[in-house]
file start_13.cif (mmCIF, C-alpha atoms; chains and numbers go by the auth columns)
data_target
#
loop_
_atom_site.group_PDB
_atom_site.id
_atom_site.type_symbol
_atom_site.label_atom_id
_atom_site.label_comp_id
_atom_site.label_asym_id
_atom_site.label_seq_id
_atom_site.Cartn_x
_atom_site.Cartn_y
_atom_site.Cartn_z
_atom_site.B_iso_or_equiv
_atom_site.auth_seq_id
_atom_site.auth_asym_id
ATOM 1 C CA MET A 1 -15.595 0.487 17.762 0.00 1 T
ATOM 2 C CA THR A 2 -17.892 1.589 14.898 0.00 2 T
ATOM 3 C CA ARG A 3 -21.112 0.432 13.295 0.00 3 T
ATOM 4 C CA SER A 4 -21.479 0.393 9.515 0.00 4 T
ATOM 5 C CA ARG A 5 -24.603 1.902 7.991 0.00 5 T
ATOM 6 C CA SER A 6 -27.445 -0.388 7.013 0.00 6 T
ATOM 7 C CA ILE A 7 -27.825 -0.828 3.231 0.00 7 T
ATOM 8 C CA ALA A 8 -31.000 -2.143 1.594 0.00 8 T
ATOM 9 C CA GLY A 9 -32.348 -3.499 4.850 0.00 9 T
ATOM 10 C CA VAL A 10 -29.160 -5.334 5.809 0.00 10 T
ATOM 11 C CA SER A 11 -28.407 -5.080 9.544 0.00 11 T
ATOM 12 C CA PRO A 12 -25.332 -2.989 10.399 0.00 12 T
ATOM 13 C CA SER A 13 -22.231 -4.809 11.624 0.00 13 T
ATOM 14 C CA LEU A 14 -20.477 -4.110 14.888 0.00 14 T
ATOM 15 C CA HIS A 15 -16.755 -3.646 14.237 0.00 15 T
ATOM 16 C CA THR A 16 -14.340 -4.157 17.132 0.00 16 T
ATOM 17 C CA ARG A 17 -10.558 -3.946 17.255 0.00 17 T
ATOM 18 C CA VAL A 18 -8.551 -5.766 19.936 0.00 18 T
ATOM 19 C CA HIS A 19 -4.832 -5.093 20.311 0.00 19 T
ATOM 20 C CA LEU A 20 -2.980 -8.299 21.252 0.00 20 T
ATOM 21 C CA THR A 21 0.317 -6.887 22.480 0.00 21 T
ATOM 22 C CA ARG A 22 3.569 -8.506 23.504 0.00 22 T
ATOM 23 C CA HIS A 23 5.393 -7.198 26.581 0.00 23 T
ATOM 24 C CA CYS A 24 8.287 -4.854 25.869 0.00 24 T
ATOM 25 C CA ASP A 25 12.058 -5.368 26.047 0.00 25 T
ATOM 26 C CA VAL A 26 13.374 -7.031 29.229 0.00 26 T
ATOM 27 C CA HIS A 27 16.399 -6.319 31.441 0.00 27 T
ATOM 28 C CA ASN A 28 18.307 -9.603 31.283 0.00 28 T
ATOM 29 C CA PRO A 29 22.008 -8.989 32.057 0.00 29 T
ATOM 30 C CA ASP A 30 22.851 -12.702 32.375 0.00 30 T
ATOM 31 C CA GLY A 31 21.260 -13.559 29.051 0.00 31 T
ATOM 32 C CA VAL A 32 19.115 -16.429 30.320 0.00 32 T
ATOM 33 C CA LEU A 33 15.731 -17.769 29.271 0.00 33 T
ATOM 34 C CA TYR A 34 13.443 -16.276 31.892 0.00 34 T
ATOM 35 C CA GLY A 35 10.186 -18.150 31.260 0.00 35 T
ATOM 36 C CA HIS A 36 8.023 -17.692 34.363 0.00 36 T
ATOM 37 C CA LEU A 37 10.803 -16.348 36.628 0.00 37 T
ATOM 38 C CA PRO A 38 9.609 -13.356 38.684 0.00 38 T
ATOM 39 C CA ASP A 39 12.446 -10.818 38.686 0.00 39 T
ATOM 40 C CA PHE A 40 12.746 -9.741 35.076 0.00 40 T
ATOM 41 C CA PRO A 41 11.543 -6.135 34.713 0.00 41 T
ATOM 42 C CA LEU A 42 11.549 -4.011 31.600 0.00 42 T
ATOM 43 C CA SER A 43 14.857 -2.681 30.373 0.00 43 T
ATOM 44 C CA THR A 44 15.373 1.024 29.699 0.00 44 T
ATOM 45 C CA LYS A 45 14.604 0.269 26.066 0.00 45 T
ATOM 46 C CA GLY A 46 11.494 -1.637 27.139 0.00 46 T
ATOM 47 C CA ILE A 47 10.245 1.327 29.165 0.00 47 T
ATOM 48 C CA ARG A 48 10.642 3.550 26.108 0.00 48 T
ATOM 49 C CA GLN A 49 8.828 0.969 23.990 0.00 49 T
ATOM 50 C CA ALA A 50 5.955 0.784 26.477 0.00 50 T
ATOM 51 C CA HIS A 51 5.543 4.559 26.456 0.00 51 T
ATOM 52 C CA ALA A 52 5.530 4.492 22.653 0.00 52 T
ATOM 53 C CA LEU A 53 2.827 1.797 22.764 0.00 53 T
ATOM 54 C CA GLY A 54 0.864 3.861 25.255 0.00 54 T
ATOM 55 C CA ARG A 55 0.971 6.913 23.020 0.00 55 T
ATOM 56 C CA ARG A 56 -0.119 4.831 20.028 0.00 56 T
ATOM 57 C CA LEU A 57 -2.941 3.080 21.869 0.00 57 T
ATOM 58 C CA ALA A 58 -4.145 6.328 23.445 0.00 58 T
ATOM 59 C CA GLN A 59 -5.261 7.294 19.933 0.00 59 T
ATOM 60 C CA THR A 60 -7.709 4.378 19.909 0.00 60 T
ATOM 61 C CA THR A 61 -10.986 3.900 21.787 0.00 61 T
ATOM 62 C CA ALA A 62 -9.603 0.985 23.860 0.00 62 T
ATOM 63 C CA ARG A 63 -9.910 1.426 27.636 0.00 63 T
ATOM 64 C CA GLN A 64 -10.017 -2.144 28.932 0.00 64 T
ATOM 65 C CA ILE A 65 -6.626 -3.848 29.402 0.00 65 T
ATOM 66 C CA PHE A 66 -6.054 -7.509 30.266 0.00 66 T
ATOM 67 C CA VAL A 67 -2.541 -8.622 31.201 0.00 67 T
ATOM 68 C CA SER A 68 -0.406 -11.609 32.158 0.00 68 T
ATOM 69 C CA PRO A 69 0.637 -11.755 35.834 0.00 69 T
ATOM 70 C CA LEU A 70 4.367 -11.787 35.003 0.00 70 T
ATOM 71 C CA LEU A 71 6.341 -8.648 35.887 0.00 71 T
ATOM 72 C CA ARG A 72 7.446 -7.676 32.380 0.00 72 T
ATOM 73 C CA ALA A 73 3.860 -7.768 31.140 0.00 73 T
ATOM 74 C CA GLN A 74 2.498 -6.002 34.224 0.00 74 T
ATOM 75 C CA GLN A 75 4.940 -3.116 33.780 0.00 75 T
ATOM 76 C CA THR A 76 4.101 -2.857 30.082 0.00 76 T
ATOM 77 C CA ALA A 77 0.366 -2.700 30.838 0.00 77 T
ATOM 78 C CA GLU A 78 0.738 -0.141 33.624 0.00 78 T
ATOM 79 C CA ILE A 79 2.770 2.189 31.396 0.00 79 T
ATOM 80 C CA ILE A 80 0.243 1.830 28.575 0.00 80 T
ATOM 81 C CA SER A 81 -2.586 2.505 31.024 0.00 81 T
ATOM 82 C CA GLY A 82 -0.857 5.673 32.183 0.00 82 T
ATOM 83 C CA HIS A 83 -1.358 7.124 28.704 0.00 83 T
ATOM 84 C CA ILE A 84 -5.072 6.216 28.539 0.00 84 T
ATOM 85 C CA PRO A 85 -7.347 8.164 30.909 0.00 85 T
ATOM 86 C CA GLY A 86 -10.061 5.999 32.414 0.00 86 T
ATOM 87 C CA SER A 87 -8.426 2.718 31.463 0.00 87 T
ATOM 88 C CA THR A 88 -8.628 -0.367 33.670 0.00 88 T
ATOM 89 C CA VAL A 89 -6.028 -3.138 34.062 0.00 89 T
ATOM 90 C CA THR A 90 -7.123 -6.700 34.870 0.00 90 T
ATOM 91 C CA THR A 91 -4.658 -9.531 35.493 0.00 91 T
ATOM 92 C CA THR A 92 -5.467 -12.950 34.058 0.00 92 T
ATOM 93 C CA GLU A 93 -3.580 -16.245 33.964 0.00 93 T
ATOM 94 C CA ASP A 94 -5.004 -16.784 30.488 0.00 94 T
ATOM 95 C CA LEU A 95 -2.301 -14.496 29.087 0.00 95 T
ATOM 96 C CA VAL A 96 0.663 -15.965 30.987 0.00 96 T
ATOM 97 C CA GLU A 97 3.817 -17.295 29.303 0.00 97 T
ATOM 98 C CA ALA A 98 3.804 -20.737 27.655 0.00 98 T
ATOM 99 C CA ARG A 99 3.973 -23.653 30.075 0.00 99 T
ATOM 100 C CA PHE A 100 7.113 -25.004 28.383 0.00 100 T
ATOM 101 C CA GLY A 101 8.954 -21.912 29.622 0.00 101 T
ATOM 102 C CA HIS A 102 9.248 -23.559 33.054 0.00 102 T
ATOM 103 C CA TYR A 103 11.488 -26.262 31.554 0.00 103 T
ATOM 104 C CA LEU A 104 13.919 -23.758 30.011 0.00 104 T
ATOM 105 C CA GLU A 105 14.048 -20.939 32.529 0.00 105 T
ATOM 106 C CA GLY A 106 17.433 -19.956 33.935 0.00 106 T
ATOM 107 C CA ILE A 107 19.373 -21.514 31.031 0.00 107 T
ATOM 108 C CA ARG A 108 21.454 -19.575 28.507 0.00 108 T
ATOM 109 C CA PRO A 109 20.285 -20.224 24.940 0.00 109 T
ATOM 110 C CA ARG A 110 23.610 -21.680 23.839 0.00 110 T
ATOM 111 C CA ASN A 111 23.314 -24.338 26.560 0.00 111 T
ATOM 112 C CA VAL A 112 19.770 -25.409 25.753 0.00 112 T
ATOM 113 C CA PRO A 113 20.594 -28.248 23.281 0.00 113 T
ATOM 114 C CA TRP A 114 22.568 -30.233 25.852 0.00 114 T
ATOM 115 C CA ARG A 115 21.002 -29.094 29.135 0.00 115 T
ATOM 116 C CA ARG A 116 17.382 -29.080 27.947 0.00 116 T
ATOM 117 C CA PRO A 117 17.331 -31.524 24.994 0.00 117 T
ATOM 118 C CA LEU A 118 13.523 -31.847 24.956 0.00 118 T
ATOM 119 C CA TRP A 119 13.492 -28.320 23.532 0.00 119 T
ATOM 120 C CA MET A 120 13.976 -29.821 20.068 0.00 120 T
ATOM 121 C CA VAL A 121 10.818 -31.907 20.440 0.00 121 T
ATOM 122 C CA HIS A 122 8.920 -28.751 21.405 0.00 122 T
ATOM 123 C CA MET A 123 10.258 -26.908 18.348 0.00 123 T
ATOM 124 C CA VAL A 124 9.185 -29.666 15.963 0.00 124 T
ATOM 125 C CA TRP A 125 5.900 -30.648 17.635 0.00 125 T
ATOM 126 C CA PRO A 126 4.625 -28.159 20.243 0.00 126 T
ATOM 127 C CA GLY A 127 2.360 -29.845 22.768 0.00 127 T
ATOM 128 C CA LEU A 128 3.612 -33.391 22.327 0.00 128 T
ATOM 129 C CA LEU A 129 5.436 -33.470 25.671 0.00 129 T
ATOM 130 C CA PRO A 130 3.495 -33.708 28.966 0.00 130 T
ATOM 131 C CA ASN A 131 5.100 -30.471 30.248 0.00 131 T
ATOM 132 C CA ASP A 132 4.109 -28.564 27.103 0.00 132 T
ATOM 133 C CA GLU A 133 0.912 -26.968 25.761 0.00 133 T
ATOM 134 C CA ARG A 134 -0.656 -27.626 22.400 0.00 134 T
ATOM 135 C CA VAL A 135 -0.956 -24.624 20.112 0.00 135 T
ATOM 136 C CA ASP A 136 -4.744 -24.806 20.215 0.00 136 T
ATOM 137 C CA GLU A 137 -4.682 -24.890 24.037 0.00 137 T
ATOM 138 C CA MET A 138 -2.596 -21.718 24.212 0.00 138 T
ATOM 139 C CA ALA A 139 -4.735 -20.048 21.565 0.00 139 T
ATOM 140 C CA ALA A 140 -7.927 -20.949 23.435 0.00 140 T
ATOM 141 C CA ARG A 141 -6.792 -19.350 26.688 0.00 141 T
ATOM 142 C CA VAL A 142 -5.591 -16.207 24.892 0.00 142 T
ATOM 143 C CA GLU A 143 -8.972 -15.992 23.217 0.00 143 T
ATOM 144 C CA ARG A 144 -10.850 -15.945 26.535 0.00 144 T
ATOM 145 C CA PRO A 145 -9.952 -12.336 27.522 0.00 145 T
ATOM 146 C CA ILE A 146 -10.421 -11.299 23.906 0.00 146 T
ATOM 147 C CA ARG A 147 -13.961 -12.681 24.064 0.00 147 T
ATOM 148 C CA ARG A 148 -14.528 -10.822 27.329 0.00 148 T
ATOM 149 C CA ILE A 149 -13.660 -7.593 25.538 0.00 149 T
ATOM 150 C CA LEU A 150 -15.992 -8.446 22.673 0.00 150 T
ATOM 151 C CA ALA A 151 -18.781 -9.198 25.163 0.00 151 T
ATOM 152 C CA THR A 152 -18.340 -6.196 27.479 0.00 152 T
ATOM 153 C CA THR A 153 -16.879 -3.324 25.440 0.00 153 T
ATOM 154 C CA PRO A 154 -17.469 -4.138 21.769 0.00 154 T
ATOM 155 C CA ASP A 155 -17.793 -0.456 20.852 0.00 155 T
ATOM 156 C CA GLU A 156 -14.422 0.391 22.413 0.00 156 T
ATOM 157 C CA GLY A 157 -12.356 -2.722 21.814 0.00 157 T
ATOM 158 C CA GLY A 158 -9.495 -3.408 24.183 0.00 158 T
ATOM 159 C CA ILE A 159 -5.904 -4.419 24.818 0.00 159 T
ATOM 160 C CA CYS A 160 -4.345 -7.733 25.894 0.00 160 T
ATOM 161 C CA VAL A 161 -0.702 -7.860 27.002 0.00 161 T
ATOM 162 C CA SER A 162 0.872 -11.302 26.784 0.00 162 T
ATOM 163 C CA HIS A 163 4.026 -13.158 25.655 0.00 163 T
ATOM 164 C CA GLY A 164 5.544 -14.372 22.409 0.00 164 T
ATOM 165 C CA ASP A 165 4.415 -17.996 22.238 0.00 165 T
ATOM 166 C CA PRO A 166 0.801 -17.462 23.410 0.00 166 T
ATOM 167 C CA ILE A 167 0.362 -14.606 20.933 0.00 167 T
ATOM 168 C CA GLN A 168 1.909 -16.645 18.134 0.00 168 T
ATOM 169 C CA ALA A 169 -0.269 -19.630 19.042 0.00 169 T
ATOM 170 C CA PHE A 170 -3.387 -17.483 18.589 0.00 170 T
ATOM 171 C CA TRP A 171 -1.971 -16.228 15.279 0.00 171 T
ATOM 172 C CA VAL A 172 -1.162 -19.757 14.046 0.00 172 T
ATOM 173 C CA ARG A 173 -4.609 -21.105 14.915 0.00 173 T
ATOM 174 C CA SER A 174 -6.416 -18.119 13.428 0.00 174 T
ATOM 175 C CA GLU A 175 -4.591 -18.586 10.109 0.00 175 T
ATOM 176 C CA HIS A 176 -5.117 -22.376 10.173 0.00 176 T
ATOM 177 C CA ARG A 177 -1.399 -23.107 10.060 0.00 177 T
ATOM 178 C CA ARG A 178 0.323 -26.278 11.256 0.00 178 T
ATOM 179 C CA ALA A 179 1.545 -26.370 14.870 0.00 179 T
ATOM 180 C CA TRP A 180 5.208 -26.242 13.868 0.00 180 T
ATOM 181 C CA ALA A 181 4.590 -22.720 12.513 0.00 181 T
ATOM 182 C CA LEU A 182 4.468 -21.515 16.149 0.00 182 T
ATOM 183 C CA HIS A 183 8.075 -20.330 15.932 0.00 183 T
ATOM 184 C CA ARG A 184 7.916 -19.208 12.303 0.00 184 T
ATOM 185 C CA LEU A 185 5.516 -16.362 13.030 0.00 185 T
ATOM 186 C CA GLN A 186 7.295 -13.838 15.233 0.00 186 T
ATOM 187 C CA CYS A 187 5.708 -11.059 17.278 0.00 187 T
ATOM 188 C CA ALA A 188 8.637 -8.990 18.547 0.00 188 T
ATOM 189 C CA LYS A 189 8.795 -7.515 22.043 0.00 189 T
ATOM 190 C CA GLY A 190 6.728 -4.344 21.956 0.00 190 T
ATOM 191 C CA GLY A 191 4.934 -5.490 18.811 0.00 191 T
ATOM 192 C CA MET A 192 1.255 -6.342 18.528 0.00 192 T
ATOM 193 C CA LEU A 193 -1.454 -7.947 16.465 0.00 193 T
ATOM 194 C CA GLU A 194 -4.429 -5.779 15.549 0.00 194 T
ATOM 195 C CA LEU A 195 -7.428 -8.089 15.555 0.00 195 T
ATOM 196 C CA ASP A 196 -10.420 -6.789 13.631 0.00 196 T
ATOM 197 C CA PHE A 197 -13.783 -8.407 14.372 0.00 197 T
ATOM 198 C CA ALA A 198 -17.183 -7.958 12.740 0.00 198 T
ATOM 199 C CA ASP A 199 -20.060 -9.105 14.928 0.00 199 T
ATOM 200 C CA GLY A 200 -17.625 -11.178 16.967 0.00 200 T
ATOM 201 C CA THR A 201 -16.032 -12.934 13.983 0.00 201 T
ATOM 202 C CA LEU A 202 -12.322 -12.379 13.396 0.00 202 T
ATOM 203 C CA GLU A 203 -11.905 -10.949 9.904 0.00 203 T
ATOM 204 C CA LEU A 204 -8.402 -9.501 9.768 0.00 204 T
ATOM 205 C CA ILE A 205 -5.069 -9.803 11.593 0.00 205 T
ATOM 206 C CA THR A 206 -2.487 -7.059 11.087 0.00 206 T
ATOM 207 C CA TYR A 207 0.973 -7.277 12.636 0.00 207 T
ATOM 208 C CA ARG A 208 2.405 -3.992 13.932 0.00 208 T
ATOM 209 C CA PRO A 209 6.132 -4.145 14.792 0.00 209 T
ATOM 210 C CA PRO A 210 7.509 -2.135 17.713 0.00 210 T
ATOM 211 C CA ALA A 211 8.413 1.463 17.106 0.00 211 T
ATOM 212 C CA LYS A 212 12.008 1.845 15.933 0.00 212 T
ATOM 213 C CA ASP A 213 14.339 2.621 18.828 0.00 213 T
ATOM 214 C CA ASP A 214 17.784 3.972 17.935 0.00 214 T
ATOM 215 C CA ALA A 215 19.023 4.293 21.525 0.00 215 T
ATOM 216 C CA GLY A 216 19.945 0.589 21.763 0.00 216 T
ATOM 217 C CA ALA A 217 18.953 -2.158 24.181 0.00 217 T
ATOM 218 C CA ASP A 218 20.298 -3.224 27.524 0.00 218 T
ATOM 219 C CA PRO A 219 22.955 -5.954 27.232 0.00 219 T
ATOM 220 C CA GLN A 220 21.373 -9.370 26.625 0.00 220 T
ATOM 221 C CA SER A 221 17.870 -7.897 26.595 0.00 221 T
ATOM 222 C CA ASP A 222 16.970 -9.583 23.312 0.00 222 T
ATOM 223 C CA VAL A 223 17.271 -13.097 24.702 0.00 223 T
ATOM 224 C CA GLY A 224 15.039 -14.728 27.244 0.00 224 T
ATOM 225 C CA ASP A 225 12.142 -16.204 25.317 0.00 225 T
ATOM 226 C CA ILE A 226 11.626 -19.927 25.109 0.00 226 T
ATOM 227 C CA ALA A 227 12.457 -20.093 21.426 0.00 227 T
#

call {"tool": "encode", "arguments": {"input": "start_13.cif", "output": "structure tokens"}}
result
Amino acid sequence: MTRSRSIAGVSPSLHTRVHLTRHCDVHNPDGVLYGHLPDFPLSTKGIRQAHALGRRLAQTTARQIFVSPLLRAQQTAEIISGHIPGSTVTTTEDLVEARFGHYLEGIRPRNVPWRRPLWMVHMVWPGLLPNDERVDEMAARVERPIRRILATTPDEGGICVSHGDPIQAFWVRSEHRRAWALHRLQCAKGGMLELDFADGTLELITYRPPAKDDAGADPQSDVGDIA
């Protein structure tokens, strides 16, 4: 992004901003937890949110975009890219939804306690179960594309489009919180974390909520996440 001026012989710092963005609102008429299921595109509200993100991010220097392979994230990234001339979009499994989403997908939230009772273990102690991921594991894989941005385009920064739990895992680890805080920190659909680095060291995290949308969401679009 920018370099600070050298003062009294001190070397200037390289400042980089990475935008860790959650996919936008999802069309989910049956109101199920969609996890890793393939056929969950953006809702009409989500498309508007993605365009709003694109307009916001077009005002930055970011041109490199990394994205989860899941449809809702892919559509979010492509819309953002459409607002940023010269941008590139690279798919990476490092940004995919939390592994525990496989266990819950296809279930309505009200049915989770009796149809997927291990959910409570995940809420209290993420990563304890063999079909789950530890918070530090999720955070580590999210960090990999962030580090690629820092290594390849430190003057421009970049954008990563992921999902709620992986983003929150990175947030929890970066703030040295306990694992159970995974579901206490909430990055809303269409929201993002601004990650400010100096010489590759994370110095500041700023949460930016999604732009206010008064047109309303598709029915059941606000459910679908694993917690």

call {"tool": "resolve_selection", "arguments": {"input": "start_13.cif", "expression": "the PyMOL selection byres ((chain T and resi 63) around 6)", "output": "PDB file with C-alpha atoms, in the frame of the given file"}}
result
ATOM      1  CA  ALA T  62      -9.603   0.985  23.860  1.00  0.00           C
ATOM      2  CA  GLN T  64     -10.017  -2.144  28.932  1.00  0.00           C
ATOM      3  CA  SER T  87      -8.426   2.718  31.463  1.00  0.00           C
ATOM      4  CA  GLY T 158      -9.495  -3.408  24.183  1.00  0.00           C
TER       5      GLY T 158
END

call {"tool": "resolve_selection", "arguments": {"input": "start_13.cif", "expression": "the PyMOL selection byres ((chain T and resi 206) around 7)", "output": "number ranges by chain"}}
result
T: 193-195, 204-205, 207-208

call {"tool": "atom_distance", "arguments": {"input": "start_13.cif", "atom1": "atom CA of Ala50 of chain T", "atom2": "atom CA of Leu185 of chain T"}}
result
21.8 Å

call {"tool": "closest_atom_pairs", "arguments": {"input": "start_13.cif", "of": "segment 37-107 of chain T", "to": "segment 129-151 of chain T", "cutoff": "9 Å", "atoms": "only C-alpha atoms", "output": "tab-separated table"}}
result
residue	atom	partner	partner_atom	distance
T:Gln64	CA	T:Ile149	CA	7.4
T:Ile65	CA	T:Ile149	CA	8.9
T:Phe66	CA	T:Pro145	CA	6.8
T:Thr92	CA	T:Pro145	CA	8.0
T:Glu93	CA	T:Arg141	CA	8.5
T:Asp94	CA	T:Arg141	CA	4.9
T:Leu95	CA	T:Val142	CA	5.6
T:Val96	CA	T:Val142	CA	8.7
T:Ala98	CA	T:Glu133	CA	7.1
T:Arg99	CA	T:Asp132	CA	5.7
T:Phe100	CA	T:Asp132	CA	4.8
T:Gly101	CA	T:Asp132	CA	8.6
T:His102	CA	T:Asn131	CA	8.5
T:Tyr103	CA	T:Asn131	CA	7.8

call {"tool": "atom_distance", "arguments": {"input": "start_13.cif", "atom1": "atom CA of Asp25 of chain T", "atom2": "atom CA of His176 of chain T"}}
result
28.9 Å

call {"tool": "atom_distance", "arguments": {"input": "start_13.cif", "atom1": "atom CA of Ser162 of chain T", "atom2": "atom CA of Gly106 of chain T"}}
result
20.0 Å

call {"tool": "resolve_selection", "arguments": {"input": "start_13.cif", "expression": "the PyMOL selection byres ((chain T and resi 118) around 12)", "output": "list in words"}}
result
Phe100, Gly101, Tyr103, Leu104, Val112, Pro113, Trp114, Arg115, Arg116, Pro117, Trp119, Met120, Val121, His122, Met123, Val124, Trp125, Pro126, Gly127, Leu128, Leu129, Pro130, Asn131 and Asp132 of chain T

call {"tool": "closest_residue", "arguments": {"input": "start_13.cif", "among": "T:Thr61, T:Ala181, T:Val18, T:Leu71", "to": "His36 of chain T", "atoms": "only C-alpha atoms"}}
result
T:Leu71

call {"tool": "residues_around", "arguments": {"input": "start_13.cif", "residues": "Val67 of chain T", "least_positions_apart": "6", "cutoff": "6 Å", "atoms": "only C-alpha atoms", "output": "PyMOL selection string"}}
result
chain T and resi 91-92+160-161

call {"tool": "axis_aligned_box", "arguments": {"input": "start_13.cif", "around": "segment 50-59 of chain T", "padding_each_side": "3 Å", "output": "lines of an AutoDock Vina configuration file"}}
result
center_x = 0.3
center_y = 4.0
center_z = 23.2
size_x = 17.2
size_y = 12.5
size_z = 12.5

call {"tool": "residues_around", "arguments": {"input": "start_13.cif", "residues": "Ile79 of chain T", "least_positions_apart": "2", "cutoff": "9 Å", "atoms": "all atoms listed in the file", "output": "MDAnalysis selection string"}}
result
chainID T and resid 47 50:51 53:54 74:77 81:83

call {"tool": "closest_residue", "arguments": {"input": "start_13.cif", "among": "T:Arg17, T:Ile84, T:Trp180, T:Met192", "to": "Gln59 of chain T", "atoms": "all atoms listed in the file"}}
result
T:Ile84

call {"tool": "closest_residue", "arguments": {"input": "start_13.cif", "among": "T:Ser43, T:Gly35, T:Arg55, T:Ile80", "to": "Ile159 of chain T", "atoms": "only C-alpha atoms"}}
result
T:Ile80

call {"tool": "build_atoms", "arguments": {"input": "start_13.cif", "residues": "segment 35-46 of chain T", "atoms": "N, CA and C atoms", "output": "compact mmCIF listing (two decimals), keeping the file's coordinate frame"}}
result
# COMPACT_ATOMS: atom_id res chain seq x y z
N GLY T 35 11.43 -17.39 31.07
CA GLY T 35 10.19 -18.15 31.26
C GLY T 35 9.22 -17.50 32.22
N HIS T 36 8.95 -18.18 33.34
CA HIS T 36 8.02 -17.69 34.36
C HIS T 36 8.75 -17.10 35.57
N LEU T 37 10.06 -16.89 35.49
CA LEU T 37 10.80 -16.35 36.63
C LEU T 37 10.30 -14.95 36.97
N PRO T 38 10.30 -14.57 38.26
CA PRO T 38 9.61 -13.36 38.68
C PRO T 38 10.38 -12.04 38.51
N ASP T 39 11.69 -12.07 38.54
CA ASP T 39 12.45 -10.82 38.69
C ASP T 39 13.08 -10.35 37.39
N PHE T 40 12.26 -10.22 36.37
CA PHE T 40 12.75 -9.74 35.08
C PHE T 40 11.90 -8.54 34.63
N PRO T 41 12.30 -7.34 35.07
CA PRO T 41 11.54 -6.14 34.71
C PRO T 41 11.89 -5.66 33.30
N LEU T 42 11.23 -4.63 32.88
CA LEU T 42 11.55 -4.01 31.60
C LEU T 42 12.93 -3.37 31.65
N SER T 43 13.61 -3.40 30.53
CA SER T 43 14.86 -2.68 30.37
C SER T 43 14.55 -1.20 30.12
N THR T 44 15.59 -0.39 30.04
CA THR T 44 15.37 1.02 29.70
C THR T 44 14.76 1.14 28.30
N LYS T 45 15.22 0.28 27.39
CA LYS T 45 14.60 0.27 26.07
C LYS T 45 13.14 -0.15 26.16
N GLY T 46 12.86 -1.16 26.99
CA GLY T 46 11.49 -1.64 27.14
C GLY T 46 10.56 -0.57 27.69
